[in-house]
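J.: One file: structure20.txt (compact mmCIF, C-alpha atoms).
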```
# COMPACT_ATOMS: atom_id res chain seq x y z
CA MET A 1 11.46 -78.53 54.95
CA THR A 2 13.07 -80.28 57.89
CA VAL A 3 16.87 -80.11 57.72
CA ARG A 4 19.10 -82.20 59.96
CA ARG A 5 22.76 -81.26 60.35
CA VAL A 6 25.29 -83.83 61.56
CA VAL A 7 28.72 -82.39 62.35
CA THR A 8 31.94 -84.27 63.03
CA GLY A 9 34.99 -83.01 64.85
CA HIS A 10 37.91 -84.26 66.93
CA ASP A 11 38.27 -85.02 70.63
CA ASP A 12 41.27 -83.98 72.73
CA ALA A 13 43.19 -87.04 71.51
CA GLY A 14 42.54 -86.12 67.86
CA LYS A 15 40.03 -88.94 67.31
CA ALA A 16 36.94 -88.41 65.17
CA VAL A 17 33.70 -87.75 67.06
CA PHE A 18 30.18 -86.64 66.29
CA ALA A 19 30.22 -83.07 67.57
CA SER A 20 26.51 -82.38 67.05
CA ASP A 21 23.35 -83.77 65.48
CA GLY A 22 20.25 -81.63 65.28
CA LEU A 23 17.67 -79.82 63.25
CA VAL A 24 18.45 -76.43 61.69
CA GLU A 25 15.51 -74.08 61.59
CA PRO A 26 15.13 -71.97 58.46
CA THR A 27 15.66 -68.24 58.48
CA THR A 28 12.59 -66.57 57.00
CA VAL A 29 11.84 -62.93 56.28
CA ALA A 30 8.60 -61.09 55.53
CA LEU A 31 10.07 -59.59 52.33
CA ILE A 32 10.30 -63.06 50.73
CA PRO A 33 7.03 -64.87 51.55
CA GLY A 34 7.53 -68.61 51.18
CA GLY A 35 11.31 -68.23 50.96
CA ALA A 36 13.67 -69.85 53.44
CA PHE A 37 17.40 -69.90 54.11
CA HIS A 38 18.98 -72.81 55.98
CA LEU A 39 22.36 -71.50 57.15
CA LEU A 40 24.19 -74.78 57.73
CA TRP A 41 27.92 -74.07 58.08
CA GLY A 42 30.67 -71.65 57.25
CA ALA A 43 33.56 -69.55 58.39
CA ASP A 44 35.37 -66.38 57.37
CA GLN A 45 38.76 -68.12 57.08
CA PRO A 46 40.03 -71.48 55.86
CA PRO A 47 39.48 -74.31 58.35
CA THR A 48 42.28 -75.99 60.33
CA PHE A 49 42.26 -79.48 61.80
CA PRO A 50 41.91 -80.98 64.26
CA ASP A 51 38.89 -78.96 65.31
CA ASP A 52 36.11 -79.58 67.79
CA GLY A 53 33.22 -79.24 65.31
CA VAL A 54 31.83 -76.09 66.92
CA PRO A 55 30.37 -73.53 64.47
CA THR A 56 32.43 -70.40 63.87
CA PRO A 57 31.02 -66.86 63.64
CA GLN A 58 29.72 -65.77 60.25
CA PRO A 59 29.00 -62.05 60.56
CA THR A 60 27.73 -61.70 56.97
CA TYR A 61 25.66 -63.83 54.62
CA PHE A 62 28.32 -63.78 51.89
CA PRO A 63 31.86 -64.81 52.87
CA PRO A 64 35.07 -62.81 52.39
CA VAL A 65 38.05 -64.17 50.44
CA GLY A 66 39.18 -67.30 52.27
CA GLY A 67 35.73 -67.78 53.78
CA TYR A 68 32.90 -70.09 52.82
CA ARG A 69 29.21 -70.78 53.43
CA PHE A 70 27.10 -73.93 53.05
CA GLY A 71 23.32 -73.88 53.08
CA LEU A 72 20.02 -74.31 51.34
CA PHE A 73 17.70 -71.68 49.98
CA THR A 74 14.08 -72.02 48.97
CA VAL A 75 12.83 -69.94 46.06
CA PRO A 76 9.06 -69.50 46.44
CA PRO A 77 6.73 -69.64 43.44
CA ALA A 78 6.06 -66.28 41.77
CA THR A 79 2.50 -66.51 43.11
CA ALA A 80 3.86 -65.85 46.63
CA SER A 81 3.71 -62.06 46.61
CA VAL A 82 4.81 -59.51 49.17
CA PRO A 83 1.78 -58.34 51.21
CA VAL A 84 0.63 -54.86 50.16
CA GLU A 85 0.51 -53.67 53.78
CA LEU A 86 4.15 -54.65 54.42
CA ASP A 87 6.32 -51.83 55.77
CA ILE A 88 9.23 -52.09 53.31
CA GLU A 89 11.67 -50.19 55.51
CA SER A 90 11.02 -52.55 58.44
CA ALA A 91 11.14 -55.58 56.13
CA LEU A 92 14.55 -54.52 54.77
CA ALA A 93 15.81 -54.02 58.33
CA GLU A 94 14.61 -57.55 59.18
CA VAL A 95 16.54 -59.00 56.22
CA GLU A 96 19.67 -57.10 57.28
CA GLU A 97 19.30 -58.38 60.85
CA LYS A 98 18.72 -62.04 59.92
CA LEU A 99 20.89 -62.24 56.76
CA PRO A 100 23.53 -59.52 57.24
CA GLY A 101 24.88 -57.99 54.04
CA LEU A 102 22.36 -59.66 51.71
CA VAL A 103 20.37 -56.48 51.04
CA GLY A 104 23.54 -54.54 50.22
CA HIS A 105 24.17 -56.84 47.26
CA MET A 106 20.64 -56.57 45.86
CA GLU A 107 19.74 -53.95 43.27
CA ALA A 108 16.90 -51.78 44.58
CA ASP A 109 15.67 -50.89 41.08
CA ASN A 110 15.88 -54.46 39.72
CA PRO A 111 14.44 -56.86 42.35
CA GLY A 112 16.47 -60.02 42.90
CA MET A 113 19.34 -59.03 40.62
CA HIS A 114 22.68 -59.10 42.44
CA THR A 115 26.43 -59.57 42.11
CA THR A 116 28.80 -60.95 44.73
CA ASP A 117 32.54 -61.49 44.97
CA THR A 118 32.03 -65.23 45.35
CA ILE A 119 32.02 -68.49 43.45
CA ASP A 120 28.76 -70.28 44.18
CA PHE A 121 28.24 -73.99 43.61
CA GLU A 122 24.54 -74.89 43.50
CA VAL A 123 22.47 -78.01 42.97
CA VAL A 124 18.70 -78.00 42.60
CA LEU A 125 17.17 -80.49 45.04
CA SER A 126 13.48 -80.01 44.27
CA GLY A 127 11.14 -77.86 42.20
CA GLN A 128 12.15 -75.79 39.21
CA VAL A 129 14.07 -72.54 39.28
CA ILE A 130 15.25 -70.10 36.63
CA LEU A 131 18.69 -68.53 36.65
CA GLU A 132 18.73 -65.23 34.75
CA LEU A 133 21.92 -63.36 33.84
CA ASP A 134 22.29 -59.61 33.35
CA ASN A 135 21.81 -59.86 29.57
CA GLY A 136 18.40 -61.53 30.01
CA ALA A 137 19.67 -65.03 29.13
CA GLU A 138 17.93 -67.71 31.21
CA LYS A 139 18.38 -71.37 32.07
CA VAL A 140 15.61 -73.51 33.55
CA LEU A 141 17.04 -75.77 36.26
CA ARG A 142 15.44 -78.93 37.63
CA PRO A 143 16.38 -81.44 40.36
CA GLY A 144 19.92 -82.69 39.85
CA ASP A 145 20.98 -79.70 37.73
CA THR A 146 24.05 -77.84 38.98
CA VAL A 147 25.43 -74.34 38.54
CA VAL A 148 28.89 -72.88 39.01
CA GLN A 149 28.23 -69.16 39.47
CA ASN A 150 31.46 -67.21 38.85
CA GLY A 151 30.74 -63.81 40.37
CA THR A 152 28.25 -62.88 37.64
CA ARG A 153 25.26 -60.56 37.92
CA HIS A 154 22.16 -62.75 38.21
CA ARG A 155 18.79 -63.44 39.80
CA TRP A 156 16.75 -66.52 40.75
CA THR A 157 13.04 -66.82 39.95
CA ASN A 158 10.48 -69.57 40.22
CA ARG A 159 7.65 -69.47 37.67
CA GLY A 160 6.34 -72.86 38.81
CA SER A 161 3.66 -73.61 41.38
CA GLU A 162 5.91 -75.37 43.94
CA PRO A 163 8.83 -74.03 45.98
CA ALA A 164 12.29 -74.81 44.59
CA VAL A 165 15.03 -75.88 47.01
CA VAL A 166 18.66 -75.29 46.08
CA ALA A 167 21.76 -76.42 48.00
CA LEU A 168 24.73 -74.09 47.80
CA PHE A 169 28.34 -73.76 48.75
CA ILE A 170 29.79 -70.25 48.46
CA THR A 171 33.43 -69.28 48.69
CA GLY A 172 34.84 -65.76 48.71
CA ALA A 173 36.81 -64.71 45.63
CA HIS A 174 38.99 -61.85 44.43
CA ARG A 175 37.53 -59.58 41.75
CA ALA A 176 40.02 -57.85 39.46
CA GLY A 177 40.23 -54.12 40.03
CA ARG A 178 38.97 -54.19 43.63
```
How does the structure come out when it is put into structure tokens?
T.:
Amino acid sequence: MTVRRVVTGHDDAGKAVFASDGLVEPTTVALIPGGAFHLLWGADQPPTFPDDGVPTPQPTYFPPVGGYRFGLFTVPPATASVPVELDIESALAEVEEKLPGLVGHMEADNPGMHTTDTIDFEVVLSGQVILELDNGAEKVLRPGDTVVQNGTRHRWTNRGSEPAVVALFITGAHRAGR
């Protein structure tokens, strides 16, 4: 999928300008064949204006409280399997390098299941994806369907034959007792 990102900002006089306009290449990892992550925008603190429209550092995939992330993720069909010859230790290191902190939220004994201290707002753009909660309850989501994920334990799967593309906005949240 080709993704174009147009960013606005402000010039020295405070007037609106187009700060950038370009394609964003997907981040892919061997551990998720057919999967892709388009990391489009984010910060680890609330924004202030005027700003120049230059991206801010995002040291981890999931944001802290006060931070946010905007992107797309592609869930490959279940038929896209991890190659048998894949060195899992190296593959996990690649995920950690390209998507810092993602692996730490995933459950090793329950592939794909994870919990984050975030509120995630998602909209399915194409394909069909299944959202499963920790009690086994599932919802099938199709283009135009939206989800407000409130820090719950969940996983995404795709039992269809085509990739599913989901847009998401994630914001860091406080979890009681932490």
J.: Name all residues at most 7 Å from A:His105 (count only C-alpha atoms; drop same-chain ones fewer than 2 positions away) and give them as a ChimeraX atom specification.
T.: /A:101-103,107,114-116
J.: Which residue gives the smallest distance to A:Leu72 among A:Ala36, A:Leu92, A:Ile130, A:Leu86, with all atoms listed in the file counted?
T.: A:Ala36
J.: Can you check which parts of stretch 43-69 of chain A lie within 8 Å of stretch 9-14 of chain A? Per residue, the shortest pair of atoms and distance in Å to one decimal, counting all atoms listed in the file, sorted by chain and number, as JSON lines.
T.:
```
{"residue": "A:Pro50", "atom": "CA", "partner": "A:His10", "partner_atom": "CA", "distance": 5.8}
{"residue": "A:Asp51", "atom": "CA", "partner": "A:His10", "partner_atom": "CA", "distance": 5.6}
{"residue": "A:Asp52", "atom": "CA", "partner": "A:Gly9", "partner_atom": "CA", "distance": 4.7}
{"residue": "A:Gly53", "atom": "CA", "partner": "A:Gly9", "partner_atom": "CA", "distance": 4.2}
{"residue": "A:Val54", "atom": "CA", "partner": "A:Gly9", "partner_atom": "CA", "distance": 7.9}
```
J.: At what distance in Å, to one decimal, does atom CA of A:Pro111 lie from atom CA of A:Tyr61?
T.: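 Interatomic distance here is 18.0 Å.
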J.: What is the atom CA of A:Ala78-atom CA of A:Asn158 distance in Å, reported with one decimal?
T.: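 We find that atom CA of A:Ala78 and atom CA of A:Asn158 lie 5.7 Å from each other.
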J.: Please identify all polymer residues within 7 Å of A:Trp41, counting all atoms listed in the file, omitting same-chain residues fewer than 2 positions from it, and present them as an mmCIF file with C-alpha atoms, keeping the file's coordinate frame.
T.:
```cif
data_model
loop_
_atom_site.group_PDB
_atom_site.id
_atom_site.type_symbol
_atom_site.label_atom_id
_atom_site.label_comp_id
_atom_site.auth_asym_id
_atom_site.auth_seq_id
_atom_site.Cartn_x
_atom_site.Cartn_y
_atom_site.Cartn_z
ATOM 1 C CA LEU A 39 22.360 -71.500 57.150
ATOM 2 C CA PRO A 55 30.370 -73.530 64.470
ATOM 3 C CA ARG A 69 29.210 -70.780 53.430
ATOM 4 C CA PHE A 70 27.100 -73.930 53.050
ATOM 5 C CA GLY A 71 23.320 -73.880 53.080
#
```
J.: Give the answer as one residue: which of A:Arg5, A:Phe37, A:Val166, A:Arg175 has the shortest atom-to-atom distance to A:Val95, using all atoms listed in the file?
T.: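 That would be A:Phe37, the residue with the smallest distance to A:Val95.
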J.: Compare A:Glu89, A:Phe49, A:Thr28, A:Gly112 by their minimum atom-to-atom distance to A:Ala16, counting only C-alpha atoms, and give me the closest one.
T.: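 Among A:Glu89, A:Phe49, A:Thr28, A:Gly112, it is A:Phe49 that comes nearest to A:Ala16.
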J.: Would you list the residues near (15.7, -71.9, 38.9), meaning any protein, DNA or RNA residue with an atom at most 12 Å from that point in file coordinates, counting all atoms listed in the file, as a ChimeraX atom specification?
T.: /A:73-78,122-133,138-147,154-160,162-167
J.: For the selection just defined, write its residues with C-alpha atoms to a file, as a CSV table (one decimal), in the coordinates of the input.
T.:
```csv
chain,number,residue,atom,x,y,z
A,73,PHE,CA,17.7,-71.7,50.0
A,74,THR,CA,14.1,-72.0,49.0
A,75,VAL,CA,12.8,-69.9,46.1
A,76,PRO,CA,9.1,-69.5,46.4
A,77,PRO,CA,6.7,-69.6,43.4
A,78,ALA,CA,6.1,-66.3,41.8
A,122,GLU,CA,24.5,-74.9,43.5
A,123,VAL,CA,22.5,-78.0,43.0
A,124,VAL,CA,18.7,-78.0,42.6
A,125,LEU,CA,17.2,-80.5,45.0
A,126,SER,CA,13.5,-80.0,44.3
A,127,GLY,CA,11.1,-77.9,42.2
A,128,GLN,CA,12.2,-75.8,39.2
A,129,VAL,CA,14.1,-72.5,39.3
A,130,ILE,CA,15.2,-70.1,36.6
A,131,LEU,CA,18.7,-68.5,36.6
A,132,GLU,CA,18.7,-65.2,34.8
A,133,LEU,CA,21.9,-63.4,33.8
A,138,GLU,CA,17.9,-67.7,31.2
A,139,LYS,CA,18.4,-71.4,32.1
A,140,VAL,CA,15.6,-73.5,33.6
A,141,LEU,CA,17.0,-75.8,36.3
A,142,ARG,CA,15.4,-78.9,37.6
A,143,PRO,CA,16.4,-81.4,40.4
A,144,GLY,CA,19.9,-82.7,39.8
A,145,ASP,CA,21.0,-79.7,37.7
A,146,THR,CA,24.0,-77.8,39.0
A,147,VAL,CA,25.4,-74.3,38.5
A,154,HIS,CA,22.2,-62.8,38.2
A,155,ARG,CA,18.8,-63.4,39.8
A,156,TRP,CA,16.8,-66.5,40.8
A,157,THR,CA,13.0,-66.8,40.0
A,158,ASN,CA,10.5,-69.6,40.2
A,159,ARG,CA,7.6,-69.5,37.7
A,160,GLY,CA,6.3,-72.9,38.8
A,162,GLU,CA,5.9,-75.4,43.9
A,163,PRO,CA,8.8,-74.0,46.0
A,164,ALA,CA,12.3,-74.8,44.6
A,165,VAL,CA,15.0,-75.9,47.0
A,166,VAL,CA,18.7,-75.3,46.1
A,167,ALA,CA,21.8,-76.4,48.0
```
J.: Taking (16.3, -61.4, 60.7) in the file's coordinates as the center, which residues reach within 8 Å of it, counting only C-alpha atoms, put as a PyMOL selection string?
T.: chain A and resi 27-29+93-99
J.: How far is it from atom CA of A:Ala173 to atom CA of A:Asp117, in Å with one decimal?
T.: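 Going from atom CA of A:Ala173 over to atom CA of A:Asp117, I get 5.4 Å.
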J.: Counting all atoms listed in the file, figure out which residue out of A:Gln149, A:Ser90, A:Thr8, A:Thr171 gets nearest to A:Gly66.
T.: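 Once distances to A:Gly66 are computed over all atoms listed in the file, the minimum belongs to A:Thr171.
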J.: Quick one: of A:Thr48, A:Thr118, A:Ser20, A:Asn135, who's nearest to A:Phe62, counting all atoms listed in the file?
T.: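 Looking only at the distances to A:Phe62, the closest residue turns out to be A:Thr118.
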J.: I want to know what sits within 12 Å of A:Pro46, based on all atoms listed in the file, with residues of the same chain fewer than 6 positions away left out; could you give that as number ranges by chain?
T.: A: 56, 63-69, 171-172
J.: Assuming the input is short of atoms at stretch 79-102 of chain A, produce N, CA and C atoms for that part as an mmCIF file, in the frame of the given file.
T.:
```cif
data_model
loop_
_atom_site.group_PDB
_atom_site.id
_atom_site.type_symbol
_atom_site.label_atom_id
_atom_site.label_comp_id
_atom_site.auth_asym_id
_atom_site.auth_seq_id
_atom_site.Cartn_x
_atom_site.Cartn_y
_atom_site.Cartn_z
ATOM 1 N N THR A 79 3.821 -66.832 42.563
ATOM 2 C CA THR A 79 2.500 -66.510 43.110
ATOM 3 C C THR A 79 2.559 -66.055 44.559
ATOM 4 N N ALA A 80 3.681 -66.308 45.240
ATOM 5 C CA ALA A 80 3.860 -65.850 46.630
ATOM 6 C C ALA A 80 4.310 -64.393 46.566
ATOM 7 N N SER A 81 3.378 -63.473 46.750
ATOM 8 C CA SER A 81 3.710 -62.060 46.610
ATOM 9 C C SER A 81 3.849 -61.375 47.966
ATOM 10 N N VAL A 82 4.605 -60.303 47.966
ATOM 11 C CA VAL A 82 4.810 -59.510 49.170
ATOM 12 C C VAL A 82 3.485 -58.844 49.541
ATOM 13 N N PRO A 83 3.048 -58.976 50.802
ATOM 14 C CA PRO A 83 1.780 -58.340 51.210
ATOM 15 C C PRO A 83 1.814 -56.830 50.972
ATOM 16 N N VAL A 84 0.733 -56.291 50.476
ATOM 17 C CA VAL A 84 0.630 -54.860 50.160
ATOM 18 C C VAL A 84 0.874 -54.007 51.395
ATOM 19 N N GLU A 85 0.397 -54.463 52.550
ATOM 20 C CA GLU A 85 0.510 -53.670 53.780
ATOM 21 C C GLU A 85 1.883 -53.745 54.437
ATOM 22 N N LEU A 86 2.821 -54.480 53.844
ATOM 23 C CA LEU A 86 4.150 -54.650 54.420
ATOM 24 C C LEU A 86 4.907 -53.326 54.458
ATOM 25 N N ASP A 87 5.463 -53.001 55.606
ATOM 26 C CA ASP A 87 6.320 -51.830 55.770
ATOM 27 C C ASP A 87 7.695 -52.197 55.207
ATOM 28 N N ILE A 88 8.003 -51.703 54.012
ATOM 29 C CA ILE A 88 9.230 -52.090 53.310
ATOM 30 C C ILE A 88 10.477 -51.740 54.111
ATOM 31 N N GLU A 89 10.497 -50.584 54.732
ATOM 32 C CA GLU A 89 11.670 -50.190 55.510
ATOM 33 C C GLU A 89 11.929 -51.173 56.650
ATOM 34 N N SER A 90 10.883 -51.562 57.363
ATOM 35 C CA SER A 90 11.020 -52.550 58.440
ATOM 36 C C SER A 90 11.403 -53.913 57.898
ATOM 37 N N ALA A 91 10.836 -54.281 56.743
ATOM 38 C CA ALA A 91 11.140 -55.580 56.130
ATOM 39 C C ALA A 91 12.615 -55.645 55.711
ATOM 40 N N LEU A 92 13.137 -54.559 55.156
ATOM 41 C CA LEU A 92 14.550 -54.520 54.770
ATOM 42 C C LEU A 92 15.447 -54.610 56.002
ATOM 43 N N ALA A 93 15.044 -53.951 57.083
ATOM 44 C CA ALA A 93 15.810 -54.020 58.330
ATOM 45 C C ALA A 93 15.808 -55.446 58.875
ATOM 46 N N GLU A 94 14.678 -56.158 58.734
ATOM 47 C CA GLU A 94 14.610 -57.550 59.180
ATOM 48 C C GLU A 94 15.574 -58.422 58.385
ATOM 49 N N VAL A 95 15.613 -58.226 57.059
ATOM 50 C CA VAL A 95 16.540 -59.000 56.220
ATOM 51 C C VAL A 95 17.972 -58.715 56.653
ATOM 52 N N GLU A 96 18.303 -57.458 56.872
ATOM 53 C CA GLU A 96 19.670 -57.100 57.280
ATOM 54 C C GLU A 96 20.024 -57.722 58.630
ATOM 55 N N GLU A 97 19.057 -57.790 59.528
ATOM 56 C CA GLU A 97 19.300 -58.380 60.850
ATOM 57 C C GLU A 97 19.518 -59.898 60.751
ATOM 58 N N LYS A 98 18.673 -60.572 59.981
ATOM 59 C CA LYS A 98 18.720 -62.040 59.920
ATOM 60 C C LYS A 98 19.720 -62.584 58.899
ATOM 61 N N LEU A 99 19.980 -61.829 57.835
ATOM 62 C CA LEU A 99 20.890 -62.240 56.760
ATOM 63 C C LEU A 99 21.814 -61.070 56.442
ATOM 64 N N PRO A 100 22.714 -60.724 57.365
ATOM 65 C CA PRO A 100 23.530 -59.520 57.240
ATOM 66 C C PRO A 100 24.292 -59.421 55.914
ATOM 67 N N GLY A 101 24.167 -58.268 55.279
ATOM 68 C CA GLY A 101 24.880 -57.990 54.040
ATOM 69 C C GLY A 101 24.142 -58.405 52.785
ATOM 70 N N LEU A 102 23.090 -59.191 52.898
ATOM 71 C CA LEU A 102 22.360 -59.660 51.710
ATOM 72 C C LEU A 102 21.736 -58.484 50.959
#
```
